[in-house]
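In what follows, a single structure is set out as structure tokens and then discussed.
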Amino acid sequence: MDSHKFGKYRVERQVLNEERLEEVAHRKSYSETHPPFADKLKDSLRCSVPRLKRWALSSFPVLYWFPKYSLWDYGMPDLISGISVGIMHLPQGMAYALLASLPPVFGLYSSFYPSLIYLFFGTSRHISIGTFTVLSIMVGSVTETLAPDSSFVINNGTNITTVNITAQDLYRVQVAAATTVLCGLIQVMLGMVKFGFVGTYLAEPLVRAYTTAAAVHAVIGQIKYIFGISPKRFSGPLSLVYTFGHICLLLPQTHLPTLVVSAVSIVCLVVAKELNIFLRPKLPVPIPVELITIVSATLISSYSHLSSNYTISVVGEIPSGLSPPNLPDVSLFRHVIGDAFAIAIVGYAISISLGKTFALKHGYKVDSNQELLALGLSNMGGGFFGCFAVCPSMSRSLIQESTGGKTQMASLASAVIVLVTIMKLGPLFQELPKAVLAAVVLVNLKSMFKQLADIATLWKRSKIDLLIWLVTLVSTLLLNLDLGLAASIAFALLSIIIRTQMPTYSILGNIRGTDVYVDIESHNQASEIPGITIFHSSATVYFANADLYLEALKEKSGLDISKMIIYKKRQEAKQRRRERRAERRAKRQAIKEKRRTRRAAEQLAGAPVFSVEEEVGQWRDIDLDNIRTGEQKITERENGTVFVIPTTPRTPDGHCRWEYLKGGADPENTSLGWLSELPDGDTTTLGSSSEDTLSQDLERVSLGSLGKWTWDIHSIILDLSTANFIDTVAIKTIQNIFQDFSEIDVDIYLAGCQTSVVEQLERGCFFSESITKKNLFATVHDAVLFCLNHHETRTISGYEPSLDSCISTKL
């Protein structure tokens with residue numbers, strides 16, 4: 001039934017080692033597949049019209065889609081989407097400017113200039129570039145560190161000190177602009193060197209934990225606006241803890257009118273957002289609750305004179321019109337370079353993750369390197385106009401996609417909304433209480449705090465990812481956003497190194513009737529091949545785990561090379577001593593016989609007399625022949641492996657080949673249990689009758705060990721199918737494996753090597769007269785069939801190695 005459902009296949013071919021595979025497949029040489037660097041450089045500098053066209057389309061993606069833009073198909077959806085996103089830009093831009101510790105108008109600038117620049121260079125059609133919570137917090141950390149309140153205190157000759165807000169805001173704008181320009185420059189440079197893959201090192205658990213920690217930083221930063229207090233700003237590690245402690249001390253000084261405004265705003269926003277979610281299926285466009293709240297609060301504040309009557313802090317003067325471009329203060333670069341790099345990496349990670357999400361949903365491609373360039377140019381260009389660092393916002397991008405946006409023309413429509421506000425409507429928001437903007441920030445952080453549920457999810461799915469999540473959260477909270485990000489990435493990379501350094505090692509067995517090999521410990525129907533050990537590692541072999549690989553091979557195969565070499569040399573020395581003793585006995589016996597012969601010769605006149613040398617040689621030949629034809633064997637047991645060493649050489653050249661008997665069952669529960677009672681170093685000399693007993697014992701073990709047999713070990717196959725590279729340390733380790741196991745007469749073969757790994761072995765001088773490409777096989781099954789056809793394999797009762805049921809061999 002299953003065979004008809006899944007089908008069958010049968011292949012008849014030769015067993016392919018690497019040498020034969022190269023002949024059959026005609027593998028190209030390394031020089032053919034990897035041209036010299038000079039040729040690559042010449043080819044990259046060669047100019048042609050098609051290449052120029054490809055460069056223009058890749059560098060300016062707008063040239064690809066804008067000529068095909070259909071006003072009839074895309075015009076109205078993009079317009080509706082752009083207006084919806086533009087309305088969201090207004091409250092979020094002003095609110096997130098408070099997170100960056102800047103005047104609200106600069107949040108509007110940051111929502112205008114970067115989105116226009118991204119229109120020309122970006123490859124995503126749905127993301128909305130502008131202010132974002134996390135980046136605003138990171139920028140605010142820099143501005144408040146370099147421009148604290150204590151540096152702008154004005155003493156009027158009285159006990160009351162005030163802060164020069166105008167001078168402070170001006171300097172903070174310079175700091176934010178310098179940070180943003182440097183951040184953009186870093187992104188552009190990384191994009192030019194094709195470093196877009198850097199975002200892949202920011203795993204999803206890391207990003208989600210980092211944004212959760214950033215939300216905590218945002219809450220602590222907005223509490224002063226919620227309660228109307230002025231806490232001291234701390235910097236460096238544990239600054240969040242110190243700031244929170246100082247806030248707790250200032251809570252008795254809470255400004256009640258400000259707290260009332262904050263509470264009412266939060267309640268209204270939460271209720272309106274929940275109503276928005278409830279009515280989402282029935283509404284073509286979400287209700288702009290933030291904009292309605294801000295407009296309502298501004299009107300109430302203006303007519304009630306909250307600022308003058310209740311001393312509630314308001315936004316203040318908002319200049320109308322666009323500010324002229326200004327060069328950033330280059331002297332600030334050395335103070336903000338670390339923060340700028342962290343902002344660049346985080347902003348890109350958020351951008352590429354959102355871009356790929358929408359691209360996968362709508363069936364187009366996002367270029368990671370071009371996205372890095374586009375985001376960098378957006379930040380660089382915006383920095384010259386006083387903008388702070390930007391990236392896509394998840395909430396705005398979802399609105400742009402869900403309301404029918406098709407292209408980045410929607411960003412153009414939203415930029416027009418922001419431009420109208422900057423030019424004409426900005427001064428209308430001067431009486432807006434800052435507490436309302438802080439409430440907008442806090443309510444929008446709700447989705448980030450929901451990410452705390454990741455702890456329960458990751459506990460069930462992956463403990464390693466959970467550990468990364470927790471380390472990222474704790475390090476970001478305690479070390480601040482810049483150092484926390486560095487520590488989080490370092491820990492994530494360390495977890496990768498640890499997992500590759502300590503992979504899973506296993507011995508593979510064959511599923512009868514197939515060419516499939518799986519772990520024998522986790523598959524009941526997998527059987528180990530008699531005489532062959534197939535060793536598999538779940539990770540590639542490189543310098544960090546090469547020693548562990550060798551130790552695991554010794555442990556899994558049951559062959560402790562160093563001890564066995566010692567045993568072999570000890571037995572060979574004993575064998576030589578036996579031969580010398582036998583020769584001496586033969587010599588003494590010859591002398592005795594010579595004397596007897598001489599006395600007999602003296603008694604028998606005229607009888608021939610042999611010389612001493614002839615007699616000794618004759619007796620030596622007779623005794624040594626008897627010794628060499630002896631069938632005695634020395635049997636020892638070490639580390640779970642029984643090995644039998646002939647006491648005499650088997651080959652004419654005097655080479656003595658050992659046999660290793662691998663016990664699959666517990667020796668205590670089999671007829672070979674008596675071997676476990678031998679102390680280390682003891683030997684037992686078995687006669688022919690003992691050998692018969694041993695053969696019977698082996699037969700009883702094979703029949704009574706629940707399918708686990710005992711056999712001679714003659715070959716080990718190293719499955720390298722998981723290796724995607726191999727370094728010089730691993731090459732030397734595998735060479736040592738070949739050399740060491742050859743000392744104990746066990747053959748080593750490699751299987752499943754990728755072409756790149758074979759090339760690296762060639763360049764690493766791995767192959768020699770003793771290790772050739774005949775030791776490499778295309779698959780594990782090829783190597784197994786080769787071993788079964790070229791080694792004397794004991795056929796164990798209960799196991800028939802009929803592996804050619806799915807691949808027939810012709811050798």
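Starting from 1 in every chain, residues are counted up; chains themselves are A, B, ... following the order of the structure tokens, and ligands are numbered from 1 as listed.
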Open item on the list: Residues within 8 Å of Val105 (chain A), please, as a list in words. Count only C-alpha atoms; anything in the same chain fewer than 3 positions from it doesn't count.
Closed with: Gly93, Met94, Ala97, Leu108, Tyr109, Ile318, Pro319, Ile422 and Gly426 of chain A
Put those residues in a file: all heavy atoms, as a compact mmCIF listing (two decimals), in the first residue's frame.
```txt
# COMPACT_ATOMS: atom_id res chain seq x y z
N GLY A 93 4.93 61.89 14.56
CA GLY A 93 6.14 62.70 14.38
C GLY A 93 6.37 63.62 15.56
O GLY A 93 7.49 63.72 16.09
N MET A 94 5.32 64.33 16.00
CA MET A 94 5.49 65.24 17.13
C MET A 94 5.73 64.49 18.44
O MET A 94 6.52 64.91 19.28
CB MET A 94 4.24 66.13 17.25
CG MET A 94 4.10 67.14 16.11
SD MET A 94 2.77 68.35 16.36
CE MET A 94 1.34 67.29 16.13
N ALA A 97 9.25 62.99 18.54
CA ALA A 97 10.26 64.02 18.73
C ALA A 97 10.54 64.23 20.21
O ALA A 97 11.68 64.52 20.61
CB ALA A 97 9.82 65.32 18.07
N LEU A 108 8.15 66.38 12.55
CA LEU A 108 7.47 66.56 11.26
C LEU A 108 8.49 66.60 10.13
O LEU A 108 8.24 66.03 9.04
CB LEU A 108 6.63 67.83 11.29
CG LEU A 108 5.50 67.87 12.32
CD1 LEU A 108 4.77 69.21 12.25
CD2 LEU A 108 4.52 66.73 12.08
N TYR A 109 9.63 67.26 10.35
CA TYR A 109 10.68 67.26 9.33
C TYR A 109 11.13 65.83 9.02
O TYR A 109 11.34 65.46 7.85
CB TYR A 109 11.89 68.07 9.80
CG TYR A 109 11.63 69.56 9.94
CD1 TYR A 109 12.43 70.35 10.77
CD2 TYR A 109 10.60 70.19 9.26
CE1 TYR A 109 12.22 71.70 10.92
CE2 TYR A 109 10.35 71.54 9.39
CZ TYR A 109 11.17 72.30 10.23
OH TYR A 109 10.94 73.65 10.36
N ILE A 318 5.94 76.65 17.26
CA ILE A 318 6.26 75.76 16.14
C ILE A 318 6.44 76.64 14.92
O ILE A 318 5.47 77.22 14.41
CB ILE A 318 5.14 74.73 15.90
CG1 ILE A 318 4.98 73.82 17.12
CG2 ILE A 318 5.44 73.89 14.66
CD1 ILE A 318 3.88 72.78 16.95
N PRO A 319 7.66 76.77 14.43
CA PRO A 319 7.88 77.63 13.27
C PRO A 319 7.23 77.05 12.03
O PRO A 319 7.20 75.83 11.83
CB PRO A 319 9.40 77.65 13.14
CG PRO A 319 9.86 76.40 13.79
CD PRO A 319 8.88 76.12 14.90
N ILE A 422 3.38 71.43 8.00
CA ILE A 422 4.56 72.22 8.35
C ILE A 422 4.40 73.66 7.87
O ILE A 422 4.75 74.62 8.57
CB ILE A 422 5.82 71.57 7.74
CG1 ILE A 422 6.09 70.20 8.37
CG2 ILE A 422 7.04 72.48 7.92
CD1 ILE A 422 7.22 69.44 7.72
N GLY A 426 1.18 74.06 11.36
CA GLY A 426 2.04 73.85 12.51
C GLY A 426 1.75 74.77 13.69
O GLY A 426 1.63 74.29 14.84
```
TODO: Return as number ranges by chain the full set of residues in region 334-405 of chain A whose backbone-based DSSP assignment is helix (DSSP H, G or I).
DONE: A: 334-362, 368-383, 394-402
Those residues you just picked out, can you put them in a file as a short mmCIF file (atom, residue, chain, number, x, y, z; two decimals), in the first residue's frame with N, CA and C atoms?
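What follows is the written file result14.cif:
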```
data_model
loop_
_atom_site.label_atom_id
_atom_site.label_comp_id
_atom_site.auth_asym_id
_atom_site.auth_seq_id
_atom_site.Cartn_x
_atom_site.Cartn_y
_atom_site.Cartn_z
N ARG A 334 33.02 62.15 16.68
CA ARG A 334 33.80 61.25 17.55
C ARG A 334 33.06 60.93 18.85
N HIS A 335 32.11 61.77 19.22
CA HIS A 335 31.35 61.51 20.44
C HIS A 335 30.15 60.59 20.20
N VAL A 336 29.69 60.51 18.96
CA VAL A 336 28.45 59.78 18.69
C VAL A 336 28.64 58.60 17.76
N ILE A 337 29.89 58.26 17.42
CA ILE A 337 30.11 57.22 16.41
C ILE A 337 29.58 55.87 16.87
N GLY A 338 29.76 55.54 18.15
CA GLY A 338 29.24 54.25 18.65
C GLY A 338 27.73 54.19 18.60
N ASP A 339 27.07 55.25 19.03
CA ASP A 339 25.60 55.30 18.98
C ASP A 339 25.11 55.31 17.55
N ALA A 340 25.82 56.01 16.67
CA ALA A 340 25.41 56.07 15.26
C ALA A 340 25.46 54.69 14.62
N PHE A 341 26.50 53.92 14.95
CA PHE A 341 26.61 52.57 14.38
C PHE A 341 25.47 51.68 14.89
N ALA A 342 25.16 51.77 16.19
CA ALA A 342 24.07 50.97 16.75
C ALA A 342 22.74 51.37 16.10
N ILE A 343 22.50 52.66 15.92
CA ILE A 343 21.26 53.13 15.29
C ILE A 343 21.19 52.63 13.85
N ALA A 344 22.33 52.65 13.15
CA ALA A 344 22.36 52.20 11.76
C ALA A 344 21.98 50.73 11.65
N ILE A 345 22.51 49.90 12.54
CA ILE A 345 22.24 48.46 12.47
C ILE A 345 20.79 48.17 12.84
N VAL A 346 20.31 48.79 13.92
CA VAL A 346 18.93 48.53 14.36
C VAL A 346 17.94 49.02 13.32
N GLY A 347 18.15 50.22 12.79
CA GLY A 347 17.25 50.76 11.78
C GLY A 347 17.20 49.89 10.54
N TYR A 348 18.36 49.39 10.11
CA TYR A 348 18.37 48.53 8.93
C TYR A 348 17.68 47.20 9.20
N ALA A 349 17.90 46.64 10.39
CA ALA A 349 17.27 45.36 10.72
C ALA A 349 15.75 45.48 10.68
N ILE A 350 15.22 46.57 11.24
CA ILE A 350 13.76 46.77 11.22
C ILE A 350 13.28 46.97 9.78
N SER A 351 14.03 47.72 9.00
CA SER A 351 13.64 48.03 7.63
C SER A 351 13.60 46.77 6.77
N ILE A 352 14.66 45.96 6.83
CA ILE A 352 14.73 44.79 5.94
C ILE A 352 13.73 43.72 6.38
N SER A 353 13.47 43.61 7.69
CA SER A 353 12.50 42.61 8.14
C SER A 353 11.09 42.97 7.67
N LEU A 354 10.71 44.25 7.81
CA LEU A 354 9.40 44.67 7.32
C LEU A 354 9.31 44.58 5.80
N GLY A 355 10.39 45.01 5.12
CA GLY A 355 10.38 44.97 3.66
C GLY A 355 10.22 43.57 3.12
N LYS A 356 10.94 42.60 3.70
CA LYS A 356 10.85 41.22 3.23
C LYS A 356 9.48 40.61 3.55
N THR A 357 8.89 41.03 4.65
CA THR A 357 7.57 40.52 5.00
C THR A 357 6.53 40.90 3.95
N PHE A 358 6.51 42.17 3.57
CA PHE A 358 5.54 42.62 2.57
C PHE A 358 5.90 42.10 1.17
N ALA A 359 7.19 41.99 0.87
CA ALA A 359 7.60 41.47 -0.44
C ALA A 359 7.17 40.03 -0.61
N LEU A 360 7.31 39.23 0.44
CA LEU A 360 6.89 37.83 0.36
C LEU A 360 5.38 37.73 0.21
N LYS A 361 4.65 38.62 0.85
CA LYS A 361 3.20 38.57 0.78
C LYS A 361 2.69 38.96 -0.60
N HIS A 362 3.35 39.93 -1.24
CA HIS A 362 2.85 40.46 -2.51
C HIS A 362 3.67 40.02 -3.71
N SER A 368 18.53 43.60 -0.30
CA SER A 368 19.00 43.97 1.04
C SER A 368 20.08 45.05 0.97
N ASN A 369 21.00 44.95 0.02
CA ASN A 369 22.05 45.97 -0.08
C ASN A 369 21.50 47.31 -0.54
N GLN A 370 20.55 47.29 -1.49
CA GLN A 370 19.95 48.53 -1.95
C GLN A 370 19.11 49.17 -0.85
N GLU A 371 18.45 48.34 -0.03
CA GLU A 371 17.70 48.87 1.10
C GLU A 371 18.63 49.58 2.08
N LEU A 372 19.80 49.02 2.28
CA LEU A 372 20.78 49.66 3.16
C LEU A 372 21.22 51.00 2.60
N LEU A 373 21.44 51.05 1.29
CA LEU A 373 21.79 52.32 0.64
C LEU A 373 20.65 53.32 0.73
N ALA A 374 19.42 52.87 0.45
CA ALA A 374 18.27 53.78 0.46
C ALA A 374 18.05 54.36 1.85
N LEU A 375 18.14 53.52 2.87
CA LEU A 375 17.94 54.00 4.23
C LEU A 375 19.07 54.95 4.62
N GLY A 376 20.30 54.63 4.21
CA GLY A 376 21.43 55.51 4.52
C GLY A 376 21.30 56.87 3.86
N LEU A 377 20.87 56.88 2.59
CA LEU A 377 20.69 58.15 1.90
C LEU A 377 19.55 58.95 2.52
N SER A 378 18.51 58.26 2.96
CA SER A 378 17.40 58.96 3.62
C SER A 378 17.87 59.63 4.90
N ASN A 379 18.68 58.94 5.69
CA ASN A 379 19.18 59.52 6.93
C ASN A 379 20.19 60.63 6.66
N MET A 380 21.07 60.42 5.68
CA MET A 380 22.05 61.47 5.36
C MET A 380 21.36 62.73 4.87
N GLY A 381 20.44 62.56 3.92
CA GLY A 381 19.74 63.73 3.40
C GLY A 381 18.89 64.42 4.46
N GLY A 382 18.20 63.63 5.28
CA GLY A 382 17.39 64.23 6.32
C GLY A 382 18.22 64.93 7.38
N GLY A 383 19.43 64.39 7.68
CA GLY A 383 20.28 65.01 8.69
C GLY A 383 20.67 66.43 8.35
N MET A 394 6.14 50.00 11.90
CA MET A 394 5.28 48.85 11.66
C MET A 394 3.82 49.27 11.54
N SER A 395 3.38 50.15 12.42
CA SER A 395 1.97 50.54 12.40
C SER A 395 1.63 51.29 11.11
N ARG A 396 2.47 52.26 10.73
CA ARG A 396 2.19 53.01 9.50
C ARG A 396 2.30 52.12 8.26
N SER A 397 3.28 51.20 8.26
CA SER A 397 3.45 50.31 7.10
C SER A 397 2.25 49.38 6.95
N LEU A 398 1.72 48.91 8.07
CA LEU A 398 0.53 48.07 7.99
C LEU A 398 -0.66 48.85 7.46
N ILE A 399 -0.79 50.11 7.87
CA ILE A 399 -1.88 50.95 7.35
C ILE A 399 -1.69 51.19 5.86
N GLN A 400 -0.46 51.45 5.44
CA GLN A 400 -0.20 51.72 4.02
C GLN A 400 -0.51 50.49 3.18
N GLU A 401 -0.25 49.31 3.70
CA GLU A 401 -0.50 48.09 2.94
C GLU A 401 -1.98 47.70 2.99
N SER A 402 -2.59 47.83 4.18
CA SER A 402 -3.97 47.38 4.33
C SER A 402 -4.98 48.30 3.65
#
```
TODO: For region 765-777 of chain A, please output as a ChimeraX atom specification all residues within 12 Å (counting only C-alpha atoms; exclusion window: fewer than 2 positions along the same chain).
DONE: /A:14-23,715-721,726-739,742,747-755,757-763,779-787
Task: Shortest interatomic distance to Ser111 (chain A) - which of A:Val418, A:Ala178, A:Val267, A:Leu445, counting only C-alpha atoms - done: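 Closest to Ser111 (chain A) of all the choices is A:Val418.
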Open item on the list: Could you go through region 116-205 of chain A and tell me which residues DSSP, when run on the backbone, assigns to strand (DSSP E or B), listing them as number ranges by chain?
Closed with: A: 129-130, 153-155, 161-163
Each residue of region 345-452 of chain A lying at most 9 Å from region 221-241 of chain A should get a row with its shortest atom-to-atom pair and the distance in Å to one decimal, counting only C-alpha atoms; could you produce that, ordered by chain and increasing number, as JSON lines?
```
{"residue": "A:Lys434", "atom": "CA", "partner": "A:Tyr225", "partner_atom": "CA", "distance": 6.4}
{"residue": "A:Ala435", "atom": "CA", "partner": "A:Tyr225", "partner_atom": "CA", "distance": 5.1}
{"residue": "A:Val436", "atom": "CA", "partner": "A:Ile226", "partner_atom": "CA", "distance": 8.3}
{"residue": "A:Leu437", "atom": "CA", "partner": "A:Tyr225", "partner_atom": "CA", "distance": 8.7}
{"residue": "A:Ala438", "atom": "CA", "partner": "A:Gln222", "partner_atom": "CA", "distance": 5.7}
{"residue": "A:Ala439", "atom": "CA", "partner": "A:Ile226", "partner_atom": "CA", "distance": 7.3}
{"residue": "A:Val441", "atom": "CA", "partner": "A:Gln222", "partner_atom": "CA", "distance": 8.0}
{"residue": "A:Leu442", "atom": "CA", "partner": "A:Gln222", "partner_atom": "CA", "distance": 7.8}
```
Using N, CA, C and O atoms, can you export the residues from the last selection as a PDB file, in the first residue's frame?
```pdb
ATOM      1  N   LYS A 434       2.230  68.667  26.265  1.00  0.00           N
ATOM      2  CA  LYS A 434       3.196  67.602  26.037  1.00  0.00           C
ATOM      3  C   LYS A 434       2.740  66.276  26.661  1.00  0.00           C
ATOM      4  O   LYS A 434       3.127  65.199  26.205  1.00  0.00           O
ATOM      5  N   ALA A 435       1.906  66.396  27.697  1.00  0.00           N
ATOM      6  CA  ALA A 435       1.396  65.182  28.330  1.00  0.00           C
ATOM      7  C   ALA A 435       0.563  64.357  27.364  1.00  0.00           C
ATOM      8  O   ALA A 435       0.539  63.117  27.433  1.00  0.00           O
ATOM      9  N   VAL A 436      -0.140  65.025  26.440  1.00  0.00           N
ATOM     10  CA  VAL A 436      -0.948  64.302  25.456  1.00  0.00           C
ATOM     11  C   VAL A 436      -0.047  63.535  24.487  1.00  0.00           C
ATOM     12  O   VAL A 436      -0.315  62.378  24.127  1.00  0.00           O
ATOM     13  N   LEU A 437       1.029  64.183  24.052  1.00  0.00           N
ATOM     14  CA  LEU A 437       1.978  63.489  23.173  1.00  0.00           C
ATOM     15  C   LEU A 437       2.610  62.295  23.894  1.00  0.00           C
ATOM     16  O   LEU A 437       2.824  61.235  23.298  1.00  0.00           O
ATOM     17  N   ALA A 438       2.938  62.472  25.176  1.00  0.00           N
ATOM     18  CA  ALA A 438       3.489  61.362  25.954  1.00  0.00           C
ATOM     19  C   ALA A 438       2.477  60.226  26.065  1.00  0.00           C
ATOM     20  O   ALA A 438       2.836  59.041  26.019  1.00  0.00           O
ATOM     21  N   ALA A 439       1.191  60.565  26.202  1.00  0.00           N
ATOM     22  CA  ALA A 439       0.154  59.536  26.258  1.00  0.00           C
ATOM     23  C   ALA A 439       0.064  58.780  24.936  1.00  0.00           C
ATOM     24  O   ALA A 439      -0.126  57.548  24.918  1.00  0.00           O
ATOM     25  N   VAL A 441       2.534  58.225  22.916  1.00  0.00           N
ATOM     26  CA  VAL A 441       3.692  57.326  22.892  1.00  0.00           C
ATOM     27  C   VAL A 441       3.420  56.085  23.735  1.00  0.00           C
ATOM     28  O   VAL A 441       3.656  54.946  23.297  1.00  0.00           O
ATOM     29  N   LEU A 442       2.930  56.279  24.949  1.00  0.00           N
ATOM     30  CA  LEU A 442       2.716  55.143  25.853  1.00  0.00           C
ATOM     31  C   LEU A 442       1.685  54.167  25.302  1.00  0.00           C
ATOM     32  O   LEU A 442       1.870  52.944  25.378  1.00  0.00           O
TER      33      LEU A 442
END
```
Task: Pick from A:Ile511, A:Leu206, A:Leu190, A:Val390 nearest to Gly107 (chain A), counting only C-alpha atoms - done: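 That would be A:Val390, the residue with the smallest distance to Gly107 (chain A).
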Task: Atomic distance CA of Cys391 (chain A) - CA of Cys183 (chain A), expressed in Å with one decimal - done: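 If I compute the distance from CA of Cys391 (chain A) to CA of Cys183 (chain A), I get 11.6 Å.
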Open item on the list: I'd like the neighbourhood of His89 (chain A) as a list in words, where a residue qualifies if any of its atoms comes within 10 Å (using only C-alpha atoms), though same-chain residues fewer than 6 positions away should be ignored.
Closed with: Ile83, Ala95, Gly107, Leu108, Ser110, Ser111, Phe112, Ser128, Ile129, Gly130, Thr131, Glu290, Leu291, Ser393, Arg396, Ser414, Ala415, Ile417 and Val418 of chain A
Residues from last step as file, N, CA, C and O atoms, as a compact mmCIF listing (two decimals), in the first residue's frame:
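Output saved as result16.txt:
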```txt
# COMPACT_ATOMS: atom_id res chain seq x y z
N ILE A 83 -2.92 59.39 2.19
CA ILE A 83 -3.61 60.31 3.10
C ILE A 83 -3.75 59.68 4.49
O ILE A 83 -3.53 60.34 5.51
N ALA A 95 5.05 63.34 18.61
CA ALA A 95 5.22 62.58 19.85
C ALA A 95 6.60 61.96 19.93
O ALA A 95 7.25 62.00 20.99
N GLY A 107 10.14 66.42 14.45
CA GLY A 107 9.50 65.14 14.14
C GLY A 107 8.75 65.20 12.83
O GLY A 107 8.71 64.23 12.07
N LEU A 108 8.15 66.38 12.55
CA LEU A 108 7.47 66.56 11.26
C LEU A 108 8.49 66.60 10.13
O LEU A 108 8.24 66.03 9.04
N SER A 110 11.28 65.03 10.09
CA SER A 110 11.75 63.65 9.91
C SER A 110 10.71 62.78 9.21
O SER A 110 11.05 61.70 8.71
N SER A 111 9.48 63.22 9.20
CA SER A 111 8.44 62.48 8.49
C SER A 111 8.31 62.93 7.04
O SER A 111 7.59 62.27 6.26
N PHE A 112 9.00 64.00 6.66
CA PHE A 112 8.85 64.56 5.32
C PHE A 112 10.04 64.24 4.42
O PHE A 112 9.90 63.54 3.40
N SER A 128 6.60 52.42 5.26
CA SER A 128 6.45 53.85 5.46
C SER A 128 7.64 54.37 6.28
O SER A 128 7.76 54.08 7.47
N ILE A 129 8.52 55.11 5.62
CA ILE A 129 9.71 55.64 6.28
C ILE A 129 9.33 56.87 7.09
O ILE A 129 8.54 57.72 6.64
N GLY A 130 9.89 56.97 8.29
CA GLY A 130 9.65 58.13 9.14
C GLY A 130 10.11 57.85 10.56
O GLY A 130 10.99 57.01 10.80
N THR A 131 9.52 58.54 11.51
CA THR A 131 9.92 58.38 12.90
C THR A 131 9.50 57.00 13.42
O THR A 131 8.48 56.46 12.99
N GLU A 290 -5.27 59.02 17.09
CA GLU A 290 -4.22 59.90 17.63
C GLU A 290 -4.43 61.34 17.17
O GLU A 290 -4.31 62.28 17.97
N LEU A 291 -4.76 61.51 15.88
CA LEU A 291 -4.97 62.87 15.36
C LEU A 291 -6.19 63.51 16.02
O LEU A 291 -6.14 64.70 16.38
N SER A 393 8.04 52.34 10.14
CA SER A 393 7.20 52.09 11.30
C SER A 393 6.26 50.93 10.98
O SER A 393 5.64 50.91 9.91
N ARG A 396 2.47 52.26 10.73
CA ARG A 396 2.19 53.01 9.50
C ARG A 396 2.30 52.12 8.26
O ARG A 396 1.54 52.27 7.30
N SER A 414 1.55 61.00 1.43
CA SER A 414 1.67 61.27 2.87
C SER A 414 2.64 62.42 3.13
O SER A 414 2.44 63.23 4.05
N ALA A 415 3.70 62.52 2.30
CA ALA A 415 4.63 63.64 2.46
C ALA A 415 3.95 64.97 2.19
O ALA A 415 4.26 65.99 2.83
N ILE A 417 0.81 65.67 2.84
CA ILE A 417 0.04 65.98 4.04
C ILE A 417 0.93 66.60 5.11
O ILE A 417 0.57 67.60 5.76
N VAL A 418 2.10 66.01 5.31
CA VAL A 418 3.04 66.53 6.31
C VAL A 418 3.54 67.92 5.90
O VAL A 418 3.66 68.83 6.75
```
